[in-house]
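Structure file input-v2.cif; described as mmCIF, C-alpha atoms.
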```cif
data_model
loop_
_atom_site.label_atom_id
_atom_site.label_comp_id
_atom_site.auth_asym_id
_atom_site.auth_seq_id
_atom_site.Cartn_x
_atom_site.Cartn_y
_atom_site.Cartn_z
CA MET A 1 70.50 67.14 -85.37
CA LEU A 2 68.66 63.83 -85.43
CA PRO A 3 65.74 63.73 -87.88
CA VAL A 4 62.38 64.25 -86.20
CA ALA A 5 61.04 61.00 -87.65
CA LEU A 6 63.88 59.06 -86.00
CA LEU A 7 63.33 60.80 -82.69
CA CYS A 8 59.64 59.89 -82.86
CA LEU A 9 60.58 56.23 -83.01
CA VAL A 10 63.00 56.67 -80.13
CA VAL A 11 60.49 58.18 -77.72
CA ALA A 12 57.73 55.74 -78.62
CA LEU A 13 59.69 52.92 -76.99
CA PRO A 14 61.26 52.54 -73.54
CA GLN A 15 64.49 54.46 -73.30
CA SER A 16 67.77 52.60 -72.71
CA PRO A 17 70.36 54.70 -70.91
CA SER A 18 73.95 53.51 -71.25
CA GLN A 19 73.89 52.27 -67.65
CA PRO A 20 71.22 51.78 -64.96
CA VAL A 21 70.19 54.97 -63.19
CA PRO A 22 69.13 54.86 -59.52
CA ALA A 23 65.44 55.54 -58.99
CA PRO A 24 65.03 59.20 -58.03
CA ALA A 25 63.30 60.27 -54.85
CA PRO A 26 60.80 63.14 -54.99
CA ARG A 27 62.81 66.35 -55.26
CA ASP A 28 62.59 69.65 -53.40
CA LEU A 29 61.64 71.73 -56.42
CA ALA A 30 61.74 75.01 -54.52
CA ALA A 31 65.34 74.35 -53.50
CA ILE A 32 66.25 73.48 -57.09
CA LEU A 33 64.70 76.69 -58.41
CA ARG A 34 66.33 78.85 -55.72
CA ALA A 35 69.64 78.19 -57.48
CA GLU A 36 68.36 80.46 -60.27
CA PRO A 37 68.02 84.14 -59.25
CA ALA A 38 65.36 84.69 -61.91
CA CYS A 39 63.05 82.32 -60.02
CA ALA A 40 63.22 84.09 -56.66
CA ALA A 41 60.54 86.76 -57.19
CA VAL A 42 57.94 84.22 -58.33
CA LEU A 43 58.83 81.71 -55.60
CA ASP A 44 58.53 84.39 -52.92
CA ARG A 45 54.94 85.02 -54.02
CA ALA A 46 54.10 81.53 -55.25
CA LYS A 47 50.46 81.52 -54.15
CA GLU A 48 49.81 84.93 -55.68
CA HIS A 49 51.34 83.64 -58.92
CA ARG A 50 49.25 80.43 -58.65
CA LEU A 51 52.52 78.59 -59.24
CA GLN A 52 52.36 74.84 -59.75
CA ILE A 53 55.08 72.50 -61.01
CA VAL A 54 55.01 68.74 -61.58
CA LEU A 55 58.26 66.99 -62.50
CA ALA A 56 57.98 63.31 -63.51
CA GLU A 57 61.10 61.12 -63.72
CA PHE A 58 61.46 57.44 -64.56
CA ALA A 59 61.80 55.19 -61.52
CA ASP A 60 63.49 52.55 -63.68
CA PRO A 61 64.04 53.54 -67.33
CA LEU A 62 64.97 49.94 -68.21
CA ALA A 63 61.70 48.41 -67.00
CA LYS A 64 59.31 47.00 -69.59
CA GLN A 65 56.48 48.90 -67.91
CA PRO A 66 58.23 51.89 -66.33
CA LYS A 67 56.69 54.02 -63.61
CA LEU A 68 57.17 57.68 -62.87
CA VAL A 69 58.32 59.37 -59.68
CA LYS A 70 56.64 62.76 -59.36
CA SER A 71 57.89 65.85 -57.54
CA ARG A 72 55.38 68.64 -56.96
CA LEU A 73 55.26 72.28 -55.95
CA GLY A 74 52.14 74.37 -55.35
CA ASP A 75 48.50 73.77 -54.48
CA PRO A 76 46.86 71.37 -56.98
CA GLN A 77 43.39 72.66 -56.05
CA GLN A 78 44.22 76.27 -56.88
CA TYR A 79 42.63 76.97 -60.27
CA PHE A 80 44.74 77.77 -63.33
CA TYR A 81 43.47 78.50 -66.82
CA PRO A 82 45.12 75.99 -69.21
CA ALA A 83 44.51 78.13 -72.31
CA SER A 84 45.97 76.40 -75.39
CA ALA A 85 47.56 73.60 -73.36
CA ILE A 86 44.09 72.01 -73.34
CA LYS A 87 44.35 71.60 -77.12
CA LEU A 88 46.32 68.38 -76.66
CA CYS A 89 43.13 66.82 -75.28
CA ALA A 90 41.17 68.01 -78.33
CA ALA A 91 43.81 66.72 -80.75
CA VAL A 92 43.84 63.23 -79.24
CA ALA A 93 40.04 63.12 -79.06
CA ALA A 94 39.76 64.20 -82.71
CA LEU A 95 42.20 61.50 -83.85
CA LEU A 96 40.24 58.84 -81.95
CA ALA A 97 36.95 60.10 -83.41
CA LEU A 98 38.36 60.05 -86.95
CA GLN A 99 39.67 56.53 -86.35
CA ASP A 100 36.25 55.33 -85.22
CA ALA A 101 34.56 56.98 -88.19
CA ALA A 102 37.06 55.44 -90.64
CA GLY A 103 35.94 52.02 -89.47
CA ARG A 104 32.47 52.83 -90.87
CA ASP A 105 33.50 54.96 -93.86
CA PRO A 106 36.96 54.56 -95.44
CA SER A 107 36.71 58.04 -96.98
CA VAL A 108 37.45 59.45 -93.50
CA THR A 109 41.21 60.00 -93.29
CA LEU A 110 43.59 62.70 -92.07
CA ASP A 111 43.89 63.83 -95.69
CA ALA A 112 40.17 63.90 -96.50
CA PRO A 113 38.70 67.32 -97.39
CA VAL A 114 36.82 69.04 -94.56
CA VAL A 115 33.65 71.13 -94.86
CA ILE A 116 32.12 72.99 -91.90
CA ALA A 117 28.59 74.31 -92.25
CA PRO A 118 27.39 77.61 -90.75
CA ARG A 119 25.23 77.54 -87.63
CA PHE A 120 25.50 80.83 -85.76
CA ARG A 121 24.67 84.32 -86.96
CA GLY A 122 27.53 85.70 -89.06
CA ASP A 123 28.92 82.25 -89.87
CA ALA A 124 30.32 81.53 -93.32
CA ARG A 125 30.62 78.08 -94.81
CA ILE A 126 34.16 76.68 -94.50
CA ASP A 127 34.56 74.79 -97.74
CA ALA A 128 37.02 72.06 -98.63
CA ASP A 129 37.29 73.44 -102.17
CA ALA A 130 39.14 76.42 -100.73
CA THR A 131 42.53 76.26 -99.06
CA ASP A 132 43.17 77.18 -95.44
CA VAL A 133 44.14 80.79 -94.67
CA ASP A 134 47.83 79.86 -94.87
CA GLY A 135 47.44 78.27 -98.30
CA GLY A 136 47.45 74.68 -97.08
CA PRO A 137 44.72 72.10 -97.72
CA LEU A 138 41.76 72.09 -95.36
CA THR A 139 42.30 68.61 -93.90
CA PHE A 140 42.67 67.35 -90.36
CA ARG A 141 46.31 66.53 -91.07
CA HIS A 142 46.93 70.18 -91.85
CA LEU A 143 44.70 71.49 -89.05
CA LEU A 144 46.16 69.31 -86.31
CA ARG A 145 49.71 70.18 -87.30
CA LYS A 146 48.81 73.88 -87.01
CA LEU A 147 47.14 73.23 -83.67
CA VAL A 148 50.32 71.69 -82.27
CA LEU A 149 53.06 73.63 -84.06
CA VAL A 150 51.78 77.18 -83.56
CA SER A 151 48.74 76.63 -81.32
CA ASP A 152 46.18 77.62 -83.95
CA ASN A 153 42.82 78.43 -82.33
CA ALA A 154 40.63 77.83 -85.40
CA ALA A 155 42.11 74.34 -85.78
CA HIS A 156 41.23 73.58 -82.17
CA ASN A 157 37.70 74.84 -82.68
CA HIS A 158 37.24 72.53 -85.68
CA CYS A 159 38.04 69.64 -83.32
CA VAL A 160 35.31 70.96 -81.00
CA GLU A 161 32.83 70.89 -83.91
CA LEU A 162 33.81 67.30 -84.70
CA LEU A 163 33.21 65.97 -81.19
CA GLY A 164 31.11 68.50 -79.33
CA GLN A 165 31.41 69.37 -75.66
CA ASP A 166 30.10 65.93 -74.65
CA GLY A 167 32.41 64.00 -76.97
CA LEU A 168 35.52 65.89 -75.89
CA ASN A 169 34.89 65.42 -72.19
CA ARG A 170 33.78 61.78 -72.39
CA ARG A 171 36.89 60.84 -74.40
CA MET A 172 39.05 62.29 -71.61
CA TRP A 173 37.00 60.78 -68.78
CA GLU A 174 36.99 57.32 -70.38
CA ALA A 175 40.79 57.56 -70.66
CA GLY A 176 40.97 58.20 -66.90
CA PHE A 177 41.43 61.98 -66.86
CA ALA A 178 38.49 62.70 -64.58
CA SER A 179 39.41 66.33 -63.86
CA ALA A 180 39.10 67.45 -67.50
CA ARG A 181 36.47 70.14 -68.07
CA LEU A 182 36.35 71.32 -71.69
CA TRP A 183 33.71 74.02 -71.78
CA HIS A 184 34.31 76.20 -74.80
CA ARG A 185 35.98 77.13 -78.06
CA LEU A 186 39.03 79.40 -78.02
CA SER A 187 39.13 83.01 -79.33
CA GLU A 188 35.53 82.62 -80.47
CA ALA A 189 33.15 84.37 -78.10
CA ARG A 190 30.09 82.20 -77.56
CA THR A 191 27.46 81.98 -74.84
CA PRO A 192 27.38 78.85 -72.64
CA ASP A 193 24.37 77.63 -74.66
CA GLU A 194 26.23 78.17 -77.95
CA ASN A 195 29.27 76.30 -76.65
CA ARG A 196 27.03 73.29 -76.10
CA GLN A 197 26.14 73.38 -79.80
CA THR A 198 28.26 72.24 -82.73
CA ARG A 199 28.32 73.02 -86.42
CA GLU A 200 27.87 70.24 -88.99
CA VAL A 201 31.21 68.84 -90.21
CA ARG A 202 31.83 66.71 -93.29
CA VAL A 203 35.06 64.72 -93.53
CA GLY A 204 35.42 62.92 -96.84
CA GLU A 205 31.95 61.54 -97.52
CA MET A 206 30.91 61.26 -93.87
CA VAL A 207 28.78 63.88 -92.13
CA PHE A 208 29.12 64.58 -88.42
CA PRO A 209 25.75 66.27 -87.76
CA ALA A 210 25.21 69.48 -85.83
CA ARG A 211 24.06 68.70 -82.32
CA GLU A 212 23.71 69.98 -78.79
CA ALA A 213 25.51 68.50 -75.80
CA GLY A 214 23.52 67.39 -72.80
CA ILE A 215 26.50 66.84 -70.54
CA GLY A 216 26.76 68.51 -67.14
CA LEU A 217 29.99 70.28 -66.21
CA ALA A 218 31.17 72.00 -63.03
CA ASN A 219 34.56 73.34 -61.97
CA ASP A 220 33.93 72.29 -58.39
CA GLY A 221 37.29 70.56 -57.98
CA TRP A 222 39.18 73.86 -57.72
CA VAL A 223 39.33 76.86 -55.42
CA GLU A 224 39.93 80.53 -56.25
CA LEU A 225 37.94 80.47 -59.47
CA ASP A 226 37.61 84.27 -59.32
CA VAL A 227 40.68 85.89 -60.86
CA GLY A 228 41.96 89.48 -60.86
CA ALA A 229 40.50 92.71 -59.52
CA SER A 230 38.77 93.96 -62.67
CA SER A 231 38.52 93.31 -66.40
CA MET A 232 38.12 95.16 -69.68
CA GLN A 233 34.76 94.48 -71.29
CA GLY A 234 33.80 96.19 -74.54
CA GLY A 235 36.48 98.82 -74.05
CA LYS A 236 35.34 99.65 -70.52
CA ARG A 237 36.83 98.65 -67.21
CA VAL A 238 34.49 96.55 -65.08
CA ASP A 239 35.32 96.29 -61.39
CA GLY A 240 35.37 92.90 -59.72
CA PRO A 241 37.18 89.64 -60.49
CA MET A 242 36.50 87.52 -63.55
CA SER A 243 34.87 84.17 -62.85
CA PHE A 244 36.45 81.07 -64.38
CA ALA A 245 33.67 78.79 -63.09
CA GLN A 246 32.70 78.00 -66.70
CA LYS A 247 36.14 78.06 -68.29
CA ASN A 248 38.25 75.13 -69.45
CA ALA A 249 40.04 73.33 -66.64
CA ILE A 250 42.16 70.26 -65.86
CA ALA A 251 44.44 69.32 -62.99
CA LEU A 252 48.09 69.98 -63.86
CA ASP A 253 49.04 66.44 -62.86
CA GLU A 254 46.45 65.02 -65.28
CA LEU A 255 47.38 67.44 -68.05
CA GLN A 256 50.89 66.01 -67.76
CA ASP A 257 49.52 62.47 -67.79
CA VAL A 258 47.69 63.14 -71.06
CA LEU A 259 51.09 63.91 -72.60
CA VAL A 260 52.62 60.84 -70.95
CA ALA A 261 49.85 58.65 -72.39
CA VAL A 262 50.58 60.02 -75.88
CA MET A 263 54.38 59.98 -75.75
CA ARG A 264 55.02 56.90 -73.63
CA PRO A 265 52.09 54.45 -73.71
CA ASP A 266 54.39 51.91 -72.02
CA VAL A 267 54.39 53.93 -68.78
CA VAL A 268 52.16 52.68 -65.96
CA LEU A 269 49.88 55.57 -65.03
CA GLY A 270 47.01 53.82 -63.30
CA LYS A 271 44.76 55.22 -66.04
CA ARG A 272 43.47 53.67 -69.25
CA GLY A 273 45.13 56.26 -71.45
CA PHE A 274 44.79 55.91 -75.22
CA PRO A 275 45.50 52.27 -76.15
CA ASP A 276 43.12 52.55 -79.12
CA LEU A 277 45.13 55.34 -80.75
CA SER A 278 46.64 53.76 -83.86
CA ARG A 279 50.39 53.56 -84.31
CA ALA A 280 50.15 55.82 -87.37
CA HIS A 281 48.09 58.46 -85.57
CA ARG A 282 50.32 58.34 -82.51
CA ARG A 283 53.43 58.75 -84.67
CA PHE A 284 51.79 61.68 -86.49
CA LEU A 285 50.96 63.45 -83.21
CA VAL A 286 54.34 62.74 -81.62
CA GLN A 287 56.19 64.17 -84.61
CA ALA A 288 54.14 67.37 -84.53
CA LEU A 289 54.62 67.77 -80.76
CA GLY A 290 58.40 67.60 -81.15
CA GLU A 291 58.84 69.54 -84.37
CA LEU A 292 60.11 73.11 -84.45
CA PRO A 293 58.10 75.49 -86.66
CA ARG A 294 61.11 76.10 -88.95
CA GLU A 295 61.35 72.31 -89.56
CA SER A 296 57.80 72.14 -90.91
CA ALA A 297 57.35 71.81 -94.67
CA ASN A 298 53.55 72.13 -94.46
CA PRO A 299 52.55 74.53 -93.03
CA LYS A 300 55.69 76.63 -93.51
CA TYR A 301 56.81 79.21 -90.94
CA ASP A 302 59.35 82.00 -91.08
CA PRO A 303 61.78 81.50 -88.15
CA ALA A 304 62.22 85.27 -87.92
CA LYS A 305 58.52 85.55 -87.08
CA THR A 306 58.06 82.21 -85.32
CA PRO A 307 61.23 81.38 -83.36
CA ASP A 308 61.96 77.94 -81.92
CA HIS A 309 60.83 78.90 -78.43
CA ALA A 310 57.57 80.58 -79.50
CA CYS A 311 55.52 77.54 -78.48
CA LYS A 312 58.13 75.78 -76.34
CA PHE A 313 58.45 77.82 -73.17
CA VAL A 314 61.27 75.85 -71.49
CA LEU A 315 63.30 75.26 -74.64
CA ARG A 316 65.76 78.13 -74.18
CA GLY A 317 66.55 77.21 -70.59
CA VAL A 318 67.01 73.51 -71.29
CA ARG A 319 69.29 74.34 -74.23
CA ASP A 320 71.74 75.79 -71.69
CA VAL A 321 72.13 72.23 -70.35
CA VAL A 322 71.55 70.00 -73.40
CA PRO A 323 72.99 70.90 -76.85
CA ALA A 324 70.32 71.97 -79.30
CA ASP A 325 71.33 69.30 -81.81
CA THR A 326 70.63 66.45 -79.35
CA LEU A 327 67.65 67.99 -77.54
CA ARG A 328 64.04 67.44 -78.41
CA VAL A 329 61.14 69.01 -76.48
CA TYR A 330 57.70 67.51 -77.15
CA ASP A 331 55.11 69.83 -75.68
CA LYS A 332 51.93 71.85 -75.78
CA ILE A 333 51.90 75.27 -74.17
CA GLY A 334 49.12 77.67 -73.26
CA ARG A 335 48.98 81.40 -72.56
CA ALA A 336 45.97 83.65 -71.87
CA TYR A 337 44.46 85.87 -69.17
CA GLY A 338 47.88 86.13 -67.49
CA PHE A 339 48.33 82.36 -67.19
CA SER A 340 51.36 80.68 -68.81
CA THR A 341 51.43 76.87 -68.93
CA GLU A 342 54.07 74.50 -70.25
CA ASN A 343 53.48 70.74 -70.57
CA ALA A 344 56.66 69.13 -71.91
CA TYR A 345 58.54 65.90 -72.45
CA VAL A 346 62.27 66.65 -72.59
CA VAL A 347 64.61 64.14 -74.27
CA ASP A 348 68.41 64.13 -74.52
CA ALA A 349 69.08 61.95 -77.58
CA ARG A 350 72.71 61.35 -76.55
CA ASP A 351 71.71 58.70 -74.04
CA GLY A 352 67.92 58.60 -74.17
CA ARG A 353 67.43 60.18 -70.76
CA SER A 354 64.20 62.11 -70.42
CA PHE A 355 61.69 63.66 -68.04
CA PHE A 356 58.23 65.21 -68.09
CA LEU A 357 57.76 68.75 -66.80
CA ALA A 358 54.52 70.69 -66.33
CA ILE A 359 54.57 74.30 -65.06
CA THR A 360 51.87 76.91 -64.71
CA LEU A 361 52.03 80.43 -63.29
CA TYR A 362 49.92 83.58 -63.31
CA THR A 363 51.43 87.02 -63.91
CA ASN A 364 49.27 90.13 -63.85
CA ALA A 365 50.67 92.94 -61.71
CA ASP A 366 47.83 95.41 -62.29
CA GLY A 367 45.11 92.82 -61.64
CA VAL A 368 43.21 93.81 -64.80
CA LEU A 369 42.20 91.05 -67.20
CA ASN A 370 41.79 91.59 -70.95
CA ASP A 371 44.08 94.64 -70.98
CA ASP A 372 46.90 92.72 -72.70
CA THR A 373 49.34 93.77 -69.95
CA TYR A 374 50.26 90.55 -68.22
CA GLY A 375 54.02 90.55 -67.60
CA TYR A 376 54.68 87.61 -69.90
CA GLU A 377 57.96 88.99 -71.24
CA ASP A 378 59.37 90.45 -68.04
CA VAL A 379 58.15 87.92 -65.43
CA ALA A 380 56.79 84.68 -66.90
CA ASP A 381 59.35 84.08 -69.67
CA PRO A 382 62.44 84.66 -67.49
CA PHE A 383 60.97 82.33 -64.86
CA LEU A 384 60.21 79.60 -67.42
CA ASP A 385 63.69 79.90 -68.95
CA ALA A 386 65.32 79.64 -65.52
CA ALA A 387 63.05 76.81 -64.34
CA GLY A 388 63.81 74.78 -67.46
CA ARG A 389 67.52 75.33 -66.96
CA ALA A 390 67.48 74.50 -63.22
CA ILE A 391 65.39 71.35 -63.54
CA ALA A 392 67.29 70.05 -66.57
CA ARG A 393 70.54 70.56 -64.66
CA ALA A 394 69.13 68.75 -61.61
CA VAL A 395 67.92 65.77 -63.66
CA PHE A 396 70.65 65.50 -66.30
CA GLY A 397 73.58 66.94 -64.37
CA PRO A 398 75.74 69.89 -65.46
CA PRO A 399 76.31 70.50 -69.19
CA ARG A 400 78.65 67.97 -70.76
#
```

Taking this structure as input, can you express it in the form of structure tokens?
Amino acid sequence: MLPVALLCLVVALPQSPSQPVPAPAPRDLAAILRAEPACAAVLDRAKEHRLQIVLAEFADPLAKQPKLVKSRLGDPQQYFYPASAIKLCAAVAALLALQDAAGRDPSVTLDAPVVIAPRFRGDARIDADATDVDGGPLTFRHLLRKLVLVSDNAAHNHCVELLGQDGLNRRMWEAGFASARLWHRLSEARTPDENRQTREVRVGEMVFPAREAGIGLANDGWVELDVGASSMQGGKRVDGPMSFAQKNAIALDELQDVLVAVMRPDVVLGKRGFPDLSRAHRRFLVQALGELPRESANPKYDPAKTPDHACKFVLRGVRDVVPADTLRVYDKIGRAYGFSTENAYVVDARDGRSFFLAITLYTNADGVLNDDTYGYEDVADPFLDAAGRAIARAVFGPPR
């Protein structure tokens, strides 16, 4: 298998297939997926499953400033909960914030010790003199790798402390991702008022003070913000849907474009993107997005407990088309409340061909949220495997 570092250099530049490839027309994604029996049940009830897919292919891979041809399925206004897929936004914003701070204080680096002060009742000081829970150093290099490799929630929340609700959203809006709505921390129950507040963070010798955001947010760009028929609250079932009107949100098309802006800054998106992200920080993030947990030296992960596909939902299906030793999937997934989301850049290193694929679907047969019975294993995962296989076959051709 090609070293990850080499692959990072490959994807950072325009790809050069062995011969010109005709520009693709938008594809009939439903017809492509119908070739896979495992997709039929979800396709037949696509609206109920809140199914959306965006496939982005290169119109001319040889162009100096390539453009993407997008094929879409589903209603882009139907709300989906991005869960951990939103962490890519936080990771990029944190890197940009650290870059800006380093210009004023050279002690601010990815390897600088991090200290997070308490603010809320029950908080404990997170001290740089101690190691992280997995034994690694408490630095943003370590935290961001955990965020990407195994979708660590605490690492994401430390990015929230660094920027605050206003900083996170403004970074995305300034980059052109107007639909982004980053409301809250993950797996840390806080009131809306508390989610507008941040803890004090020290990176190296620089202090990012505790503050309160004054930004206004509204999820008014989506419909069907009420999800499910009931939910479990404090061990009791509460009738009525759960409102996602103050939950994280972003259009699937723009979530994909965030990944495009990171992986392929040469692509013309019609958005500013992240031109200020340094080459070193971009290379660091790209490597983490494409690395398998078992390839990581720090943090280390047991492949028996964290398999390759744990945080790469389409990996198994695409591997049926592209050999594992020439395939690299750069992605950030999300899964919560019955929603499963994959946001991936798929590369076949044999000839440099590649495509972007974003998929989201909702599975929750009993309609109850917070009961941990969502049909991930028996509905969502088989669909994602089959969709990855069908779309890779359509784009790359049959296995060679």

Please evaluate the PyMOL selection byres ((chain A and resi 368) around 9) against the structure above and give the resulting residues as a list in words.
-> Gly228, Ala229, Ser230, Ser231, Met232, Arg237, Asp239, Pro241, Asn364, Ala365, Asp366, Gly367, Leu369, Asn370, Asp371, Asp372, Thr373 and Tyr374 of chain A

Got a sec to resolve the PyMOL selection byres ((chain A and resi 25) around 12) on this structure and send the residues as a PyMOL selection string?
-> chain A and resi 22-24+26-29+55-60+68-72+395

For Val223 (chain A), which residue among A:Ala245, A:Leu62, A:Ala280, A:Glu254 is the nearest when counting all atoms listed in the file?
-> A:Ala245

Running the PyMOL selection byres ((chain A and resi 203) around 8) on this model by hand, what would come out? Give it as a compact mmCIF listing (two decimals) with C-alpha atoms, keeping the file's coordinate frame.
```
# COMPACT_ATOMS: atom_id res chain seq x y z
CA SER A 107 36.71 58.04 -96.98
CA VAL A 108 37.45 59.45 -93.50
CA THR A 109 41.21 60.00 -93.29
CA ALA A 112 40.17 63.90 -96.50
CA PRO A 113 38.70 67.32 -97.39
CA VAL A 114 36.82 69.04 -94.56
CA VAL A 115 33.65 71.13 -94.86
CA VAL A 201 31.21 68.84 -90.21
CA ARG A 202 31.83 66.71 -93.29
CA GLY A 204 35.42 62.92 -96.84
CA GLU A 205 31.95 61.54 -97.52
CA MET A 206 30.91 61.26 -93.87
CA VAL A 207 28.78 63.88 -92.13
CA PHE A 208 29.12 64.58 -88.42
```

Could you give me, as a PyMOL selection string, the residues within 9 Å of Gly167 (chain A), counting only C-alpha atoms and dropping anything in the same chain fewer than 5 positions from it?
-> chain A and resi 93+97+160+162+172+213

Do you have the CA of Leu147 (chain A)-CA of Tyr79 (chain A) distance handy?
->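 So the answer is 24.1 Å.
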